[in-house]
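See structure below.
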Amino acid sequence: MFNKITLQLIIVALFCTLLLSQLSFVCGEENMEKKYIVHLTDRYCKACGICIGLCPKGVFTENYLGKAVIDHMDSCTGCKMCQFHCPDFCLEVAEA
């Protein structure tokens, strides 16, 4: 009925859905009173857009080169999704 690749894609999609459903727990209201600082090392950024796509609060936008720019740092909840998934290690999230 399904080939092996299709089953793998379904499993990955289900895992991603589960992960995103848990994001509200990680980035929930309990972290809202804390402030976080996001440090971006622009020279390491290759403009992949992963941080922009993964940030649940829209902290990042992109510049004219497609590289990430911190636009709404006050919205950061400290979930570190950007930091953990950046392939170039150009992001660091810390408590203020």
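Simple scheme: letters A, B, ... for chains in structure tokens order, numbers from 1 for residues in each chain, numbers from 1 for ligands in the order shown.
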Need to verify the contact set: region 46-55 of chain A, 7 Å, only C-alpha atoms, exclusion of same-chain residues closer than 5 positions in sequence. Can you return it as a VMD selection string? chain A and resid 60 to 61 66 to 68 81 to 82 86
Include N, CA and C atoms and write out the residues we just selected as a compact mmCIF listing (two decimals), in the first residue's frame.
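Written out: result-v8.txt:
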# COMPACT_ATOMS: atom_id res chain seq x y z
N PHE A 60 12.49 37.23 14.13
CA PHE A 60 13.38 37.50 13.00
C PHE A 60 12.62 37.92 11.74
N THR A 61 13.27 38.76 10.97
CA THR A 61 12.88 39.05 9.59
C THR A 61 14.13 38.86 8.75
N GLY A 66 18.57 38.23 2.30
CA GLY A 66 17.89 37.04 2.78
C GLY A 66 18.40 36.55 4.11
N LYS A 67 19.35 37.28 4.72
CA LYS A 67 19.90 36.88 6.01
C LYS A 67 18.97 37.32 7.13
N ALA A 68 19.04 36.60 8.23
CA ALA A 68 18.18 36.89 9.38
C ALA A 68 18.59 38.21 10.03
N MET A 81 14.64 27.63 19.91
CA MET A 81 14.44 26.84 18.68
C MET A 81 15.39 27.31 17.60
N CYS A 82 15.60 28.63 17.51
CA CYS A 82 16.51 29.18 16.50
C CYS A 82 17.94 28.72 16.77
N CYS A 86 20.02 26.22 14.11
CA CYS A 86 20.88 26.98 13.20
C CYS A 86 22.07 26.11 12.78
Any idea what's packed within 9 Å of Tyr36 (chain A), counting only C-alpha atoms, ignoring anything in its chain fewer than 6 positions away? Could you give it as number ranges by chain? A: 73-78, 93-96
Hey, can you spit out that residue selection with N, CA and C atoms as a PDB file, in the first residue's frame?
ATOM      1  N   MET A  73      13.071  41.602  19.289  1.00  0.00           N
ATOM      2  CA  MET A  73      13.729  40.872  20.376  1.00  0.00           C
ATOM      3  C   MET A  73      12.871  40.839  21.636  1.00  0.00           C
ATOM      4  N   ASP A  74      12.050  41.850  21.835  1.00  0.00           N
ATOM      5  CA  ASP A  74      11.195  41.881  23.029  1.00  0.00           C
ATOM      6  C   ASP A  74      10.141  40.775  23.019  1.00  0.00           C
ATOM      7  N   SER A  75       9.904  40.164  21.870  1.00  0.00           N
ATOM      8  CA  SER A  75       8.934  39.068  21.764  1.00  0.00           C
ATOM      9  C   SER A  75       9.535  37.708  22.099  1.00  0.00           C
ATOM     10  N   CYS A  76      10.848  37.622  22.203  1.00  0.00           N
ATOM     11  CA  CYS A  76      11.533  36.340  22.429  1.00  0.00           C
ATOM     12  C   CYS A  76      11.126  35.732  23.767  1.00  0.00           C
ATOM     13  N   THR A  77      10.785  34.440  23.737  1.00  0.00           N
ATOM     14  CA  THR A  77      10.390  33.718  24.949  1.00  0.00           C
ATOM     15  C   THR A  77      11.496  32.805  25.458  1.00  0.00           C
ATOM     16  N   GLY A  78      12.628  32.756  24.766  1.00  0.00           N
ATOM     17  CA  GLY A  78      13.747  31.948  25.212  1.00  0.00           C
ATOM     18  C   GLY A  78      13.625  30.471  24.919  1.00  0.00           C
ATOM     19  N   VAL A  93      20.878  32.568  22.404  1.00  0.00           N
ATOM     20  CA  VAL A  93      19.792  33.134  23.199  1.00  0.00           C
ATOM     21  C   VAL A  93      20.188  33.017  24.662  1.00  0.00           C
ATOM     22  N   ALA A  94      20.079  34.135  25.380  1.00  0.00           N
ATOM     23  CA  ALA A  94      20.446  34.150  26.801  1.00  0.00           C
ATOM     24  C   ALA A  94      19.462  35.008  27.567  1.00  0.00           C
ATOM     25  N   GLU A  95      19.336  34.716  28.875  1.00  0.00           N
ATOM     26  CA  GLU A  95      18.492  35.555  29.735  1.00  0.00           C
ATOM     27  C   GLU A  95      19.130  36.918  29.885  1.00  0.00           C
ATOM     28  N   ALA A  96      18.305  37.946  29.875  1.00  0.00           N
ATOM     29  CA  ALA A  96      18.805  39.315  30.034  1.00  0.00           C
ATOM     30  C   ALA A  96      19.164  39.593  31.474  1.00  0.00           C
TER      31      ALA A  96
END
List the neighbours of Tyr44 (chain A) out to 9 Å using only C-alpha atoms; skip same-chain residues closer than 3 positions along the sequence, and give me the result as a list in words.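 Counting only C-alpha atoms, the residues come to Leu40, Thr41, Asp88, Phe89 and Cys90 of chain A.
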Which residue is closest to Cys79 (chain A)? Choose from A:Pro56, A:Ile11, A:Glu62, A:Leu91 and count only C-alpha atoms. A:Pro56
For His72 (chain A), which residue out of A:Ile37, A:Pro87, A:Asp42, A:Glu92 is the nearest one, using only C-alpha atoms?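 Once distances to His72 (chain A) are computed over only C-alpha atoms, the minimum belongs to A:Ile37.
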What does the structure give for the distance between CA of Val69 (chain A) and CA of Lys57 (chain A), in Å to one decimal? 13.9 Å
